[in-house]
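K.L.:
I'd like to ask some things about the structure below.
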Amino acid sequence: MKIKNFMSTEIIKLDPELSLQQACRIFLEKKIDGAPVVKEGKIIGLLTKTHILRAFYNGVSPGEPVKNFMTREVKYLHPDTDIRDVDIMYTGRYPVLEGEKLVGFITKSDIMRGLNRLIDEMSGQLEAVINSAYNPIIAIDREGKIRIWNKAAEKLADMPAEKVMGKFINDVIPESELFNIVKTGKTEYGIKLKINNISVITNRAPILENGVITGAVAVLYDVSEIEKISQELEYVKSLNRELDAIFEASFDGLYITDGKGKTLRINKAIKRMTGLGEKELLHKTMNELVANGTLSRSATLIVLEKKKPITTTLTTITGKTLLVSAVPVFDEQGEIVRVVTNVRDISELNRLKQKIEQLEGLKKHYESQVNQLKEKFSGRLVFKSKVMEDIIYQAARIAEVDTTVLITGESGTGKEVIAEIIQKNSNRRDKPFIKINCAALPENLIESELFGYEAGAFTGAKREGKPGMFELADGGTLLLDEIGELPLHLQVKLLRALQQQEIFRVGGTKPVKVDVRIIAVTNRDLEKQVRIGEFRKDLYYRINVVPLNIPPLRERREDIPILIKHFLDMFNKRYNMNKKMSGEVVEVLTRYYWPGNIRQLENLLERLVITSNTELISLSDLPEYILSHEKAENEEEEAIVVNRVLPLKQAVEITEKKILEKAWQLYNSCQKTAEALEVDPATVSRKMRKYKIANKKNHK
């Protein structure tokens with residue numbers, strides 16, 4: 001279908017000197033929203049009502065000529081262009097040129113009318129194809145109502161299309177599970193059914209429209225004639241696969257020969273034990289293998305000679321001791337047709353036994369350690385996942401070694417709890433445990449807090465001076481939380497303190513010896529900070545002696561239900577309540593991605609216990625940002641418009657600043673802004689300082 005079949009040939013042209021007011025009058029009289037601007041018979045631009053509205057909005061005089069506001073970059077179409085090749089998203093209207101002559105004008109409505117006609121034609125062709133198909137074809141909509149029932153389906157089910165169209169599929173074919181495809185979205189092949197006492201195999205798949213399931217389709221194959229043969233063949237195949245799996249899965253070696261001692265088959269365990277594989281053994285007789293020295297002797301040959309089972313031991317050239325049991329298989333005439341030999345590596349079994357005993361001992365040791373930690377930190381250490389169990393194991397081992405530890409992970413993952421586990425299980429458990437948050441102190445105070453100061457070091461200093469955190473933690477452990485926020489000039493002093501085990505107070509000239517174990521904690525990517533020069537490389541390598549990364553809650557979702565129960569019990573006890581939570585709420589919370597991790601989950605549970613009106617917490621009690629999370633993931637909304645290209649880092653910073661400003665304008669609260677942006681409040685506070693966004697509450 002060509003553009004010329006749908007374009008309008010009654011073209012309303014505008015002179016470039018025509019005023020905006022005159023153009024507006026023409027648009028109203030002719031009921032159009034755009035027209036080409038023509039000068040000396042040639043189109044030089046395109047004016048739309050959007051251009052006029054924008055001009056009036058900007059205060060432009062109605063007498064201004066349209067040439068100052070029209071679009072000069074006009075995309076043209078040829079009358080013979082296929083209507084399917086037109087990009088309707090580019091603009092709402094196109095001039096149509098033949099050579100340089102303006103012969104028509106086509107709008108989005110004209111294009112849609114052409115496409116609808118094309119769709120009607122294709123629908124008719126598709127219906128003819130479906131009805132001419134040899135195989136039955138059935139399709140349903142998202143409600144399970146039948147929308148396609150071709151001639152072959154009529155014949156198979158002995159029901160005409162007019163009687164079944166629009167009916168629920170299960171009412172017509174009770175044994176059909178086609179509606180389940182709409183629910184699950186899964187594609188299924190080779191599904192067996194019986195329809196009207198006829199055996200069929202069906203392939204069925206969901207019908208997708210823009211990624212959304214709108215129905216399902218099934219194609220059926222009549223297999224009643226070959227069903228019996230197929231069943232028998234499948235049974236033989238299944239039996240063969242099962243025997244092969246058993247043969248290869250055997251830890252013992254299996255060696256099979258025929259009645260003349262010719263090797264027919266061996267499994268992988270034979271090569272593992274003897275070093276001899278199929279290349280050296282298959283299709284060779286046991287006499288050959290013994291004669292050429294491949295084998296020292298053969299249990300198979302003894303069985304063929306004595307015609308009865310035998311068991312003996314053999315020693316390989318590598319020193320392995322093998323227990324060999326060979327059993328004859330007789331035919332109806334009493335002749336040996338097979339010899340099945342079982343080979344067991346006794347030395348390997350002995351080693352495995354010792355290794356298992358060692359592993360059992362280690363398992364009991366670590367289980368004991370974990371149980372002790374759980375008892376010691378009951379109420380704070382709640383987990384079920386294997387990854388967290390491994391982290392606790394590692395923390396317990398790290399605690400025994402007096403070295404620097406770097407704990408990384410997102411905010412709210414429990415990094416400080418892990419730090420406490422390390423401290424309380426270390427040799428310094430009875431010594432001071434000092435914590436300092438590098439992001440919480442102003443830059444001009446953090447140096448004196450860390451290293452202390454001498455008398456008179458600065459205005460307002462105590463007369464007698466003051467010891468810093470390093471001195472207070474002497475002999476014990478110093479937890480440096482948010483170490484990634486430490487200013488660069490203080491990173492130098494911290495590095496010296498770690499390397500030399502001594503510090504200088506602010507205003508001091510004499511070194512002070514300190515014996516401190518450092519546990520550094522951060523939610524930032526220190527490697528990235530090192531690359532961009534925000535963190536010293538030498539300090540990073542000094543603190544990254546033993547790294548320990550705590551995974552976010554979304555990567556250990558099996559912990560979420562047990563954490564929900566823990567917090568629910570805790571807040572019920574605290575507020576003397578007896579709130580419970582429905583299973584569907586637990587499922588929604590388990591699927592949520594928790595940007596604030598355990599801390600966010602704990603705060604939400606406390607809120608739900610306090611604010612829910614009934615004893616059973618239901619979906620209606622959940623905040624909107626959680627309920628809309630799954631839906632939002634599937635929506636393709638463009639909230640940001642890109643007008644030009646600029647460096648990606650700059651674009652990210654501009655966007656981040658604008659979103660923060662918009663959120664702060666709406667909520668004027670760090671906590672509410674953090675919830676809306678689905679980050680933790682510390683991140684909001686840090687970003688606002690970075691972009692110098694005014695905090696009204698702090699300036700009242």
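FYI, nothing fancy with the structure tokens labels: chains A, B, ... in order, residues from 1 per chain, ligands from 1 as they appear.
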Phe251 in chain A: which residues within 12 Å, counting only C-alpha atoms, same-chain residues fewer than 4 positions away excluded, as a VMD selection string?

P.N.:
chain A and resid 245 to 247 267 to 273 342 to 346 348 to 349

K.L.:
Let's see if you can do this: from backbone DSSP, list all strand (DSSP E) residues in range 154-255 of chain A, as a ChimeraX atom specification.

P.N.:
/A:188-195,198-209,212-222,253-255

K.L.:
Would you save the residues from that selection as a CSV table (one decimal), in the first residue's frame, using C-alpha atoms?

P.N.:
```csv
chain,number,residue,atom,x,y,z
A,188,GLU,CA,5.5,-26.3,26.5
A,189,TYR,CA,6.3,-28.9,23.9
A,190,GLY,CA,5.1,-32.5,23.3
A,191,ILE,CA,2.3,-32.5,25.9
A,192,LYS,CA,0.0,-35.5,25.5
A,193,LEU,CA,-3.8,-35.1,25.7
A,194,LYS,CA,-6.9,-37.0,24.7
A,195,ILE,CA,-9.6,-35.1,23.0
A,198,ILE,CA,-8.2,-39.3,20.2
A,199,SER,CA,-4.6,-39.2,21.5
A,200,VAL,CA,-2.8,-36.0,20.5
A,201,ILE,CA,0.4,-34.2,21.2
A,202,THR,CA,0.3,-30.5,21.6
A,203,ASN,CA,2.8,-27.7,21.6
A,204,ARG,CA,1.6,-24.5,23.3
A,205,ALA,CA,3.0,-21.1,24.0
A,206,PRO,CA,2.0,-17.7,25.3
A,207,ILE,CA,0.9,-14.9,23.0
A,208,LEU,CA,3.0,-11.8,23.8
A,209,GLU,CA,2.2,-8.2,23.0
A,212,VAL,CA,2.7,-8.7,28.1
A,213,ILE,CA,0.9,-12.0,27.9
A,214,THR,CA,-2.4,-11.5,26.0
A,215,GLY,CA,-3.3,-15.2,25.4
A,216,ALA,CA,-2.0,-18.6,24.4
A,217,VAL,CA,-2.0,-20.8,21.3
A,218,ALA,CA,-1.8,-24.6,20.9
A,219,VAL,CA,-1.0,-26.7,17.8
A,220,LEU,CA,-2.1,-30.3,18.1
A,221,TYR,CA,-0.9,-33.4,16.4
A,222,ASP,CA,-2.9,-36.7,16.1
A,253,GLY,CA,35.2,-50.0,38.5
A,254,LEU,CA,33.0,-52.1,36.2
A,255,TYR,CA,34.6,-54.3,33.5
```

K.L.:
Output as a ChimeraX atom specification all residues of range 333-568 of chain A that backbone DSSP marks as alpha helix (DSSP H).

P.N.:
/A:346-376,386-399,415-424,443-451,469-472,488-500,526-531,537-543,559-568

K.L.:
Work out how far apart CA of Lys308 in chain A and CA of Thr285 in chain A are and give it in Å to one decimal.

P.N.:
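Value for the CA of Lys308 in chain A-CA of Thr285 in chain A distance: 19.1 Å.
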
K.L.:
Which residues are near range 139-151 of chain A? Cut-off 10 Å, only C-alpha atoms, ignore same chain within fewer than 3 positions. Put them as a ChimeraX atom specification.

P.N.:
/A:127-136,154-156,159-162,164-172,178-183,204-207,213-219

K.L.:
Which one of A:Cys24, A:Leu486, A:Val74, A:Leu97 sits closest to Thr9 in chain A if you count only C-alpha atoms?

P.N.:
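Closest to Thr9 in chain A of all the choices is A:Leu97.
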